[in-house]
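Raw contents of data-v5.cif, mmCIF, C-alpha atoms:
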```
data_upload
loop_
_atom_site.label_atom_id
_atom_site.label_comp_id
_atom_site.auth_asym_id
_atom_site.auth_seq_id
_atom_site.Cartn_x
_atom_site.Cartn_y
_atom_site.Cartn_z
CA MET A 1 0.00 0.00 0.00
CA SER A 2 1.37 3.41 -0.86
CA PHE A 3 2.58 5.47 2.05
CA ILE A 4 2.50 9.26 2.05
CA ASN A 5 4.59 10.99 4.69
CA TYR A 6 3.63 14.66 5.02
CA SER A 7 6.48 15.22 7.43
CA SER A 8 9.37 14.00 5.24
CA ARG A 9 7.33 14.89 2.13
CA GLU A 10 7.56 11.51 0.46
CA ILE A 11 5.25 9.32 -1.59
CA ASN A 12 6.26 5.64 -1.36
CA CYS A 13 4.81 2.97 -3.64
CA LYS A 14 5.38 -0.77 -4.01
CA LEU A 15 5.76 -2.40 -7.42
CA VAL A 16 5.93 -6.16 -7.89
CA TYR A 17 7.41 -7.95 -10.91
CA TYR A 18 5.56 -11.25 -11.32
CA GLY A 19 5.82 -14.07 -13.83
CA PRO A 20 7.05 -17.60 -14.49
CA GLY A 21 10.46 -18.86 -13.38
CA LEU A 22 13.46 -17.75 -15.46
CA GLY A 23 11.32 -15.22 -17.31
CA GLY A 24 13.60 -12.24 -16.57
CA LYS A 25 12.09 -10.50 -13.51
CA THR A 26 15.41 -10.28 -11.69
CA THR A 27 17.14 -9.27 -14.95
CA ASN A 28 14.72 -6.32 -15.26
CA LEU A 29 15.73 -5.11 -11.79
CA GLN A 30 19.42 -5.71 -12.44
CA PHE A 31 19.27 -3.61 -15.61
CA ILE A 32 17.41 -0.81 -13.82
CA TYR A 33 19.98 -0.93 -11.02
CA ALA A 34 22.91 -0.84 -13.44
CA LYS A 35 21.56 2.13 -15.41
CA THR A 36 20.29 4.32 -12.58
CA SER A 37 22.44 7.06 -11.07
CA PRO A 38 23.71 6.35 -7.53
CA GLU A 39 21.67 9.24 -6.03
CA ALA A 40 18.42 7.76 -7.32
CA LYS A 41 18.83 4.22 -6.05
CA GLY A 42 19.50 2.27 -2.90
CA LYS A 43 21.20 -1.07 -2.58
CA MET A 44 19.71 -3.95 -4.56
CA ILE A 45 19.03 -6.98 -2.40
CA SER A 46 18.61 -10.47 -3.84
CA LEU A 47 17.52 -13.28 -1.58
CA ALA A 48 18.55 -16.08 -3.90
CA THR A 49 19.59 -19.71 -3.80
CA GLU A 50 23.16 -20.84 -4.46
CA THR A 51 22.23 -21.27 -8.11
CA GLU A 52 21.02 -17.67 -8.26
CA ARG A 53 17.34 -18.52 -8.45
CA THR A 54 15.19 -16.10 -6.47
CA LEU A 55 14.36 -17.69 -3.13
CA PHE A 56 12.22 -14.99 -1.51
CA PHE A 57 12.49 -11.69 -3.36
CA ASP A 58 14.74 -9.11 -4.98
CA PHE A 59 14.36 -5.56 -3.75
CA LEU A 60 15.41 -2.29 -5.34
CA PRO A 61 14.49 1.14 -3.96
CA LEU A 62 14.32 3.90 -6.58
CA SER A 63 13.62 7.63 -6.50
CA LEU A 64 11.88 8.95 -9.58
CA GLY A 65 11.96 12.67 -8.83
CA GLU A 66 9.57 15.09 -7.18
CA ILE A 67 5.91 15.91 -7.58
CA ARG A 68 4.82 19.18 -5.98
CA GLY A 69 7.73 19.03 -3.54
CA PHE A 70 7.11 15.39 -2.62
CA LYS A 71 9.84 12.86 -3.39
CA THR A 72 8.41 9.83 -5.21
CA ARG A 73 10.02 6.61 -4.07
CA PHE A 74 9.26 3.26 -5.65
CA HIS A 75 10.14 -0.01 -4.00
CA LEU A 76 10.59 -2.65 -6.71
CA TYR A 77 10.18 -6.30 -5.74
CA THR A 78 10.33 -9.52 -7.72
CA VAL A 79 8.69 -12.76 -6.65
CA PRO A 80 10.30 -16.20 -6.96
CA GLY A 81 8.88 -17.63 -10.19
CA GLN A 82 9.24 -21.31 -9.39
CA VAL A 83 5.88 -22.94 -8.81
CA PHE A 84 6.63 -24.34 -5.34
CA TYR A 85 7.41 -20.92 -3.83
CA ASP A 86 3.77 -19.92 -3.90
CA ALA A 87 3.57 -19.07 -0.18
CA SER A 88 6.39 -16.54 -0.64
CA ARG A 89 4.72 -15.00 -3.69
CA LYS A 90 1.56 -14.35 -1.70
CA LEU A 91 3.52 -12.53 1.00
CA ILE A 92 5.27 -10.27 -1.47
CA LEU A 93 1.96 -9.18 -2.99
CA LYS A 94 0.88 -7.72 0.36
CA GLY A 95 0.55 -3.98 0.05
CA VAL A 96 1.26 -3.95 -3.69
CA ASP A 97 0.40 -0.79 -5.65
CA GLY A 98 1.17 -2.01 -9.15
CA VAL A 99 2.16 -5.23 -10.92
CA VAL A 100 4.37 -5.93 -13.92
CA PHE A 101 3.88 -9.38 -15.41
CA VAL A 102 7.10 -10.49 -17.14
CA ALA A 103 6.11 -13.13 -19.68
CA ASP A 104 8.64 -15.43 -21.33
CA SER A 105 8.04 -15.18 -25.09
CA GLN A 106 9.45 -18.63 -25.90
CA VAL A 107 6.82 -20.94 -27.34
CA GLU A 108 7.63 -23.70 -24.85
CA ARG A 109 6.96 -21.31 -21.94
CA MET A 110 3.44 -20.36 -22.98
CA GLU A 111 1.89 -22.85 -20.57
CA ALA A 112 4.05 -21.54 -17.72
CA ASN A 113 3.00 -17.96 -18.56
CA ILE A 114 -0.67 -18.87 -18.46
CA GLU A 115 -0.27 -20.75 -15.19
CA SER A 116 1.64 -17.88 -13.60
CA MET A 117 -0.95 -15.32 -14.75
CA GLU A 118 -3.72 -17.41 -13.22
CA ASN A 119 -1.65 -17.76 -10.05
CA LEU A 120 -1.21 -13.97 -9.92
CA ARG A 121 -4.94 -13.38 -10.25
CA GLN A 122 -5.71 -15.95 -7.56
CA ASN A 123 -3.04 -14.76 -5.11
CA LEU A 124 -4.22 -11.17 -5.49
CA ILE A 125 -7.77 -12.22 -4.67
CA GLU A 126 -6.45 -13.85 -1.49
CA GLN A 127 -4.85 -10.52 -0.54
CA GLY A 128 -8.08 -8.65 -1.26
CA TYR A 129 -7.13 -7.26 -4.68
CA ASN A 130 -8.69 -7.53 -8.11
CA LEU A 131 -6.13 -7.68 -10.93
CA ASP A 132 -8.54 -5.85 -13.23
CA LYS A 133 -8.62 -2.86 -10.88
CA LEU A 134 -4.91 -2.72 -10.07
CA PRO A 135 -2.33 -0.78 -12.12
CA PHE A 136 -1.01 -3.59 -14.29
CA ILE A 137 1.44 -3.82 -17.21
CA ILE A 138 2.54 -6.86 -19.22
CA GLN A 139 6.03 -7.23 -20.60
CA TYR A 140 6.79 -9.83 -23.31
CA ASN A 141 10.41 -10.58 -22.61
CA LYS A 142 13.13 -12.44 -24.54
CA ARG A 143 12.02 -11.09 -27.92
CA ASP A 144 15.56 -11.72 -29.23
CA LEU A 145 15.34 -15.50 -28.86
CA PRO A 146 14.66 -17.67 -31.93
CA ASN A 147 11.70 -19.81 -30.90
CA ILE A 148 9.21 -17.21 -29.74
CA ALA A 149 5.46 -16.80 -29.97
CA SER A 150 4.15 -13.76 -31.83
CA VAL A 151 3.00 -10.78 -29.80
CA ALA A 152 -0.52 -11.41 -31.14
CA GLU A 153 -0.47 -14.96 -29.73
CA LEU A 154 0.90 -13.79 -26.38
CA HIS A 155 -1.65 -11.01 -26.28
CA GLY A 156 -4.44 -13.47 -27.04
CA GLN A 157 -3.43 -15.80 -24.24
CA LEU A 158 -2.31 -13.34 -21.57
CA ASN A 159 -3.91 -9.97 -22.13
CA PRO A 160 -7.68 -10.32 -22.59
CA THR A 161 -8.33 -6.99 -20.84
CA ASN A 162 -5.95 -5.06 -23.11
CA VAL A 163 -3.66 -3.58 -20.48
CA LEU A 164 -0.57 -1.74 -21.70
CA GLU A 165 2.05 -4.20 -22.98
CA PHE A 166 5.71 -3.92 -23.99
CA GLU A 167 8.15 -6.08 -25.88
CA ALA A 168 11.49 -6.45 -24.13
CA ARG A 169 14.97 -7.92 -24.08
CA ALA A 170 15.77 -7.43 -20.44
CA THR A 171 19.37 -8.63 -20.81
CA THR A 172 20.14 -5.67 -23.08
CA GLY A 173 17.59 -3.35 -21.51
CA VAL A 174 15.19 -3.05 -24.43
CA GLY A 175 11.75 -2.26 -23.04
CA VAL A 176 12.87 -2.30 -19.40
CA PHE A 177 12.57 1.40 -18.59
CA GLU A 178 9.50 1.78 -20.81
CA THR A 179 7.82 -0.87 -18.65
CA LEU A 180 8.96 0.74 -15.41
CA LYS A 181 7.79 4.19 -16.43
CA ALA A 182 4.44 2.86 -17.54
CA ILE A 183 3.73 1.07 -14.27
CA ALA A 184 4.99 3.98 -12.15
CA ARG A 185 2.80 6.37 -14.08
CA ALA A 186 -0.21 4.05 -13.76
CA VAL A 187 0.32 3.77 -9.99
CA LEU A 188 0.53 7.53 -9.47
CA THR A 189 -2.48 8.12 -11.68
CA GLU A 190 -4.46 5.53 -9.72
CA LEU A 191 -3.35 7.05 -6.42
CA ARG A 192 -4.58 10.44 -7.57
CA ARG A 193 -7.80 9.00 -8.97
CA GLY A 194 -8.46 7.03 -5.76
CA SER A 195 -8.30 10.27 -3.79
CA GLY A 196 -10.94 11.85 -6.02
CA GLY A 197 -8.32 14.29 -7.31
CA MET B 198 -8.64 -1.21 -2.14
CA SER B 199 -8.33 1.22 0.76
CA GLY B 200 -6.52 4.56 0.52
CA PRO B 201 -2.82 5.05 1.11
CA ASP B 202 -1.21 4.91 4.54
CA VAL B 203 -0.29 8.39 5.69
CA MET B 204 1.77 10.11 8.35
CA PHE B 205 1.24 13.72 9.38
CA PRO B 206 3.93 16.06 10.77
CA GLU B 207 2.41 16.36 14.25
CA GLU B 208 2.18 12.59 14.79
CA GLN B 209 5.57 12.09 13.12
CA ARG B 210 7.12 14.39 15.74
CA GLN B 211 5.42 12.51 18.54
CA ILE B 212 6.39 9.10 17.15
CA SER B 213 9.98 10.24 16.70
CA SER B 214 10.04 11.39 20.29
CA VAL B 215 8.69 7.98 21.46
CA CYS B 216 11.52 6.35 19.46
CA GLN B 217 14.08 8.62 21.10
CA ARG B 218 12.74 7.89 24.56
CA LEU B 219 12.73 4.16 23.89
CA HIS B 220 16.31 4.38 22.62
CA ARG B 221 17.35 6.08 25.85
CA ASP B 222 15.25 4.04 28.31
CA ALA B 223 16.17 0.68 26.78
CA ASN B 224 19.88 1.53 26.49
CA ALA B 225 19.52 0.54 22.86
CA LYS B 226 21.95 1.13 20.00
CA ALA B 227 19.16 2.17 17.68
CA VAL B 228 15.40 2.16 17.26
CA LEU B 229 13.61 2.00 13.91
CA LEU B 230 9.92 2.21 13.14
CA ILE B 231 8.93 0.69 9.81
CA GLY B 232 5.64 0.51 7.93
CA ARG B 233 4.30 -3.01 7.56
CA ASP B 234 5.13 -2.86 3.85
CA GLY B 235 8.74 -1.93 4.54
CA GLN B 236 8.89 1.86 4.41
CA PRO B 237 11.01 3.55 7.08
CA ILE B 238 8.92 5.87 9.29
CA ALA B 239 11.12 7.00 12.18
CA GLU B 240 14.49 6.27 13.76
CA ALA B 241 16.60 7.10 16.79
CA GLY B 242 20.13 6.34 17.93
CA GLU B 243 23.16 5.10 16.03
CA VAL B 244 21.71 4.65 12.55
CA GLY B 245 24.40 6.51 10.61
CA GLU B 246 26.16 3.39 9.34
CA ILE B 247 23.04 1.31 8.81
CA ASP B 248 21.37 0.94 5.41
CA VAL B 249 17.93 1.77 6.83
CA THR B 250 16.06 1.23 3.53
CA SER B 251 17.42 -2.29 3.07
CA LEU B 252 16.98 -3.16 6.73
CA SER B 253 13.37 -1.97 6.59
CA SER B 254 12.51 -4.00 3.52
CA LEU B 255 14.16 -7.16 4.85
CA THR B 256 12.52 -6.78 8.25
CA ALA B 257 9.11 -6.37 6.63
CA GLY B 258 9.80 -9.50 4.55
CA ASN B 259 10.86 -11.32 7.70
CA VAL B 260 7.71 -10.27 9.56
CA ALA B 261 5.54 -11.25 6.58
CA ALA B 262 7.23 -14.67 6.43
CA THR B 263 6.77 -15.16 10.17
CA GLY B 264 3.12 -14.17 9.77
CA GLY B 265 2.84 -16.84 7.05
CA ILE B 266 4.33 -19.42 9.41
CA SER B 267 1.87 -18.43 12.16
CA LYS B 268 -1.03 -18.96 9.75
CA ILE B 269 0.18 -22.44 8.84
CA LEU B 270 0.42 -23.24 12.56
CA ARG B 271 -3.03 -21.70 13.12
CA GLU B 272 -1.48 -19.33 15.59
CA LYS B 273 -2.30 -15.62 15.85
CA ASP B 274 0.45 -13.34 14.53
CA PHE B 275 3.71 -13.83 16.43
CA THR B 276 3.80 -10.37 17.91
CA SER B 277 7.52 -10.27 18.57
CA GLN B 278 10.78 -11.81 17.43
CA PHE B 279 14.29 -11.82 18.80
CA HIS B 280 17.51 -12.41 16.86
CA GLU B 281 20.61 -12.99 18.93
CA GLY B 282 23.87 -11.90 17.37
CA GLU B 283 27.44 -11.96 18.59
CA LYS B 284 27.49 -8.24 19.26
CA THR B 285 24.16 -6.86 18.15
CA HIS B 286 20.77 -8.29 18.96
CA VAL B 287 17.50 -7.41 17.28
CA HIS B 288 14.07 -7.22 18.87
CA ILE B 289 11.12 -6.89 16.48
CA THR B 290 7.55 -6.10 17.51
CA LEU B 291 4.36 -5.48 15.58
CA VAL B 292 2.64 -2.23 16.52
CA ALA B 293 -1.15 -2.28 16.17
CA GLY B 294 -0.82 -4.47 13.07
CA ARG B 295 0.32 -1.37 11.17
CA ALA B 296 4.00 -0.94 11.82
CA ILE B 297 7.10 -2.79 12.95
CA LEU B 298 9.22 -1.56 15.83
CA VAL B 299 12.85 -2.67 15.64
CA VAL B 300 15.27 -2.26 18.54
CA LEU B 301 18.97 -2.94 18.00
CA PHE B 302 20.89 -3.44 21.24
CA ASP B 303 24.15 -4.84 22.61
CA GLU B 304 25.71 -5.80 25.94
CA ARG B 305 24.83 -2.40 27.38
CA SER B 306 21.23 -3.60 27.59
CA SER B 307 19.31 -6.84 28.03
CA LEU B 308 16.37 -8.58 26.37
CA GLY B 309 14.29 -8.16 29.53
CA LEU B 310 14.80 -4.40 29.65
CA VAL B 311 14.15 -4.03 25.92
CA ARG B 312 10.93 -6.03 26.17
CA LEU B 313 9.74 -3.96 29.10
CA ARG B 314 10.40 -0.62 27.41
CA VAL B 315 9.09 -1.77 24.04
CA ARG B 316 5.72 -2.69 25.54
CA LYS B 317 5.10 0.86 26.75
CA ALA B 318 6.44 2.50 23.58
CA ALA B 319 4.33 0.22 21.36
CA GLU B 320 1.18 1.23 23.26
CA GLU B 321 1.95 4.91 22.79
CA MET B 322 2.68 4.37 19.10
CA ALA B 323 -0.54 2.41 18.61
CA ARG B 324 -2.46 5.40 20.02
CA LEU B 325 -0.67 7.76 17.66
CA PHE B 326 -1.42 5.52 14.65
CA GLU B 327 -5.06 5.54 15.70
CA GLN B 328 -4.93 9.34 15.78
CA VAL B 329 -3.42 9.43 12.27
CA ALA B 330 -6.07 7.05 10.94
CA LYS B 331 -8.88 9.18 12.39
CA LYS B 332 -7.39 12.36 10.98
CA ALA B 333 -6.97 10.76 7.54
CA ALA B 334 -10.52 9.38 7.57
CA SER B 335 -12.02 12.72 8.60
CA GLY B 336 -10.08 14.58 5.92
CA THR B 337 -8.73 17.12 8.41
CA GLY B 338 -5.10 16.40 7.50
CA PRO B 339 -3.34 17.78 4.42
CA SER B 340 -3.78 15.95 1.11
CA ILE B 341 -1.20 16.18 -1.64
CA LEU B 342 -3.20 13.81 -3.82
CA ASN B 343 -5.90 16.39 -4.43
CA GLU B 344 -3.27 18.81 -5.71
CA ILE B 345 -1.50 16.50 -8.17
CA THR B 346 -2.50 16.98 -11.80
CA ASP B 347 -1.94 14.81 -14.86
CA ALA B 348 0.58 17.42 -15.98
CA ASP B 349 2.59 16.89 -12.77
CA ILE B 350 2.75 13.17 -13.46
CA ASP B 351 3.71 13.78 -17.10
CA LYS B 352 6.49 16.11 -15.97
CA LEU B 353 7.97 13.39 -13.76
CA PHE B 354 8.42 11.10 -16.76
CA ASN B 355 9.73 13.61 -19.27
CA ASP B 356 13.23 12.61 -20.23
#
```
Turn the structure described in the file into structure tokens.
Amino acid sequence: MSFINYSSREINCKLVYYGPGLGGKTTNLQFIYAKTSPEAKGKMISLATETERTLFFDFLPLSLGEIRGFKTRFHLYTVPGQVFYDASRKLILKGVDGVVFVADSQVERMEANIESMENLRQNLIEQGYNLDKLPFIIQYNKRDLPNIASVAELHGQLNPTNVLEFEARATTGVGVFETLKAIARAVLTELRRGSGG
Amino acid sequence: MSGPDVMFPEEQRQISSVCQRLHRDANAKAVLLIGRDGQPIAEAGEVGEIDVTSLSSLTAGNVAATGGISKILREKDFTSQFHEGEKTHVHITLVAGRAILVVLFDERSSLGLVRLRVRKAAEEMARLFEQVAKKAASGTGPSILNEITDADIDKLFND
């Protein structure tokens, strides 16, 4: 849940990168971390296994500038994508303000994408959220790989409500900041809308 | 979805002063108050060399994981945790289900003293959070959200 501190003049929001295992959620955060100036970021934390698979979450705090004298701070989290870490995924969704779904474009991962999307919807319901009412962006990652589904196919399977979607190659950064900006903008717009402003 | 969590300057001052008193009375190294979702709210003591943002996020993750364990065990939330280190120990308490109070202490203090002082401080903080919630619900506090325009948001994302 976003947190507005009128004393320190800060708006804090929580973004969660969700999606199937090995889809590129951590890579998104690593690219953002690598390309952001030191003043705008905090330390990136990865709670990972010995084989560098996300065990609990990755965390990256970012400042995106000021609105009307209030610093906007975004806390970026990833969830562990592997199916059996579902209990951890639920915890990380607590207090979420916006979700990025990082889909793996490879044909053989379509099933995993669909399963993860359904898992996201279900876990949000358990936390009292409705995916259709939450700021939500889809990223089709790994567009540089050879055996990929077309964007139209991915859209058909994963994006029935026509939320904003981006093609990406997170390893080289293509689409990474576009996705981040879009979700941050959607969260702030929703925050403003929710206040009746 | 409910509205955002907020903190107003008057309550922030009072909460900071409760943190400072707790730091003194518990002979603690440092005291941190963190929102349940991991945002730092207030601090007192020797925090200069601590990465407060990271510590806050990890503590919130830790509390969330412990809450998950309590659910599996059909136990109510574990309201406090203690981590014993070689030099620094950490005492973590939930405050009114809304925030997390973290006390870092060493051999200058003891778990018993920290627990005793935390109980009183947590009660005071819970009252202050209640006050904030009432103020936010009644609309008597300030509201930046009503002032933000689409143009402000656009400006933030102009390269």
Apply the PyMOL selection byres ((chain A) within 8 of (chain B)) to the file shown and report the selected residues as a CSV table (one decimal) with C-alpha atoms, keeping the file's coordinate frame.
```
chain,number,residue,atom,x,y,z
A,1,MET,CA,0.0,0.0,0.0
A,2,SER,CA,1.4,3.4,-0.9
A,3,PHE,CA,2.6,5.5,2.0
A,4,ILE,CA,2.5,9.3,2.0
A,5,ASN,CA,4.6,11.0,4.7
A,6,TYR,CA,3.6,14.7,5.0
A,7,SER,CA,6.5,15.2,7.4
A,12,ASN,CA,6.3,5.6,-1.4
A,42,GLY,CA,19.5,2.3,-2.9
A,43,LYS,CA,21.2,-1.1,-2.6
A,45,ILE,CA,19.0,-7.0,-2.4
A,59,PHE,CA,14.4,-5.6,-3.8
A,61,PRO,CA,14.5,1.1,-4.0
A,64,LEU,CA,11.9,9.0,-9.6
A,65,GLY,CA,12.0,12.7,-8.8
A,66,GLU,CA,9.6,15.1,-7.2
A,67,ILE,CA,5.9,15.9,-7.6
A,68,ARG,CA,4.8,19.2,-6.0
A,87,ALA,CA,3.6,-19.1,-0.2
A,88,SER,CA,6.4,-16.5,-0.6
A,91,LEU,CA,3.5,-12.5,1.0
A,92,ILE,CA,5.3,-10.3,-1.5
A,94,LYS,CA,0.9,-7.7,0.4
A,95,GLY,CA,0.6,-4.0,0.0
A,128,GLY,CA,-8.1,-8.6,-1.3
A,129,TYR,CA,-7.1,-7.3,-4.7
A,181,LYS,CA,7.8,4.2,-16.4
A,185,ARG,CA,2.8,6.4,-14.1
A,188,LEU,CA,0.5,7.5,-9.5
A,189,THR,CA,-2.5,8.1,-11.7
A,191,LEU,CA,-3.4,7.0,-6.4
A,192,ARG,CA,-4.6,10.4,-7.6
A,194,GLY,CA,-8.5,7.0,-5.8
A,195,SER,CA,-8.3,10.3,-3.8
A,196,GLY,CA,-10.9,11.8,-6.0
A,197,GLY,CA,-8.3,14.3,-7.3
```
- Message: Would you compute the distance between atom CA of A:Met110 and atom CA of A:Phe84? Give it in Å to one decimal.
- Response: 18.4 Å
- How far is it from atom CA of B:Ile212 to atom CA of B:Ala319, in Å with one decimal? 10.0 Å
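Here atom CA of A:Gln30 is placed at a distance of 27.5 Å from atom CA of A:Asn162.
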- Message: Just want the 10 Å neighbourhood of A:Ser105, counted on all atoms listed in the file, with same-chain residues fewer than 4 positions away dropped. Output as a PyMOL selection string.
- Response: chain A and resi 23+109-110+113+139-151+153-154+167-168
- Pull out every residue that the PyMOL selection byres ((chain B and resi 277) around 10) matches in the shown coordinates and put them as a PyMOL selection string. chain B and resi 260+263+274-276+278-279+288-292+297-299+312
- Shell around A:Ala40 at 12 Å using only C-alpha atoms, local window under 5 positions removed, as a count of residues only: 16
- Message: Can you translate the PyMOL selection byres ((chain A and resi 182) around 12) into the concrete residues it hits in this file, as a PyMOL selection string?
- Response: (chain A and resi 15+98-100+135-139+163-166+175-181+183-189) or (chain B and resi 350-351+353-354)
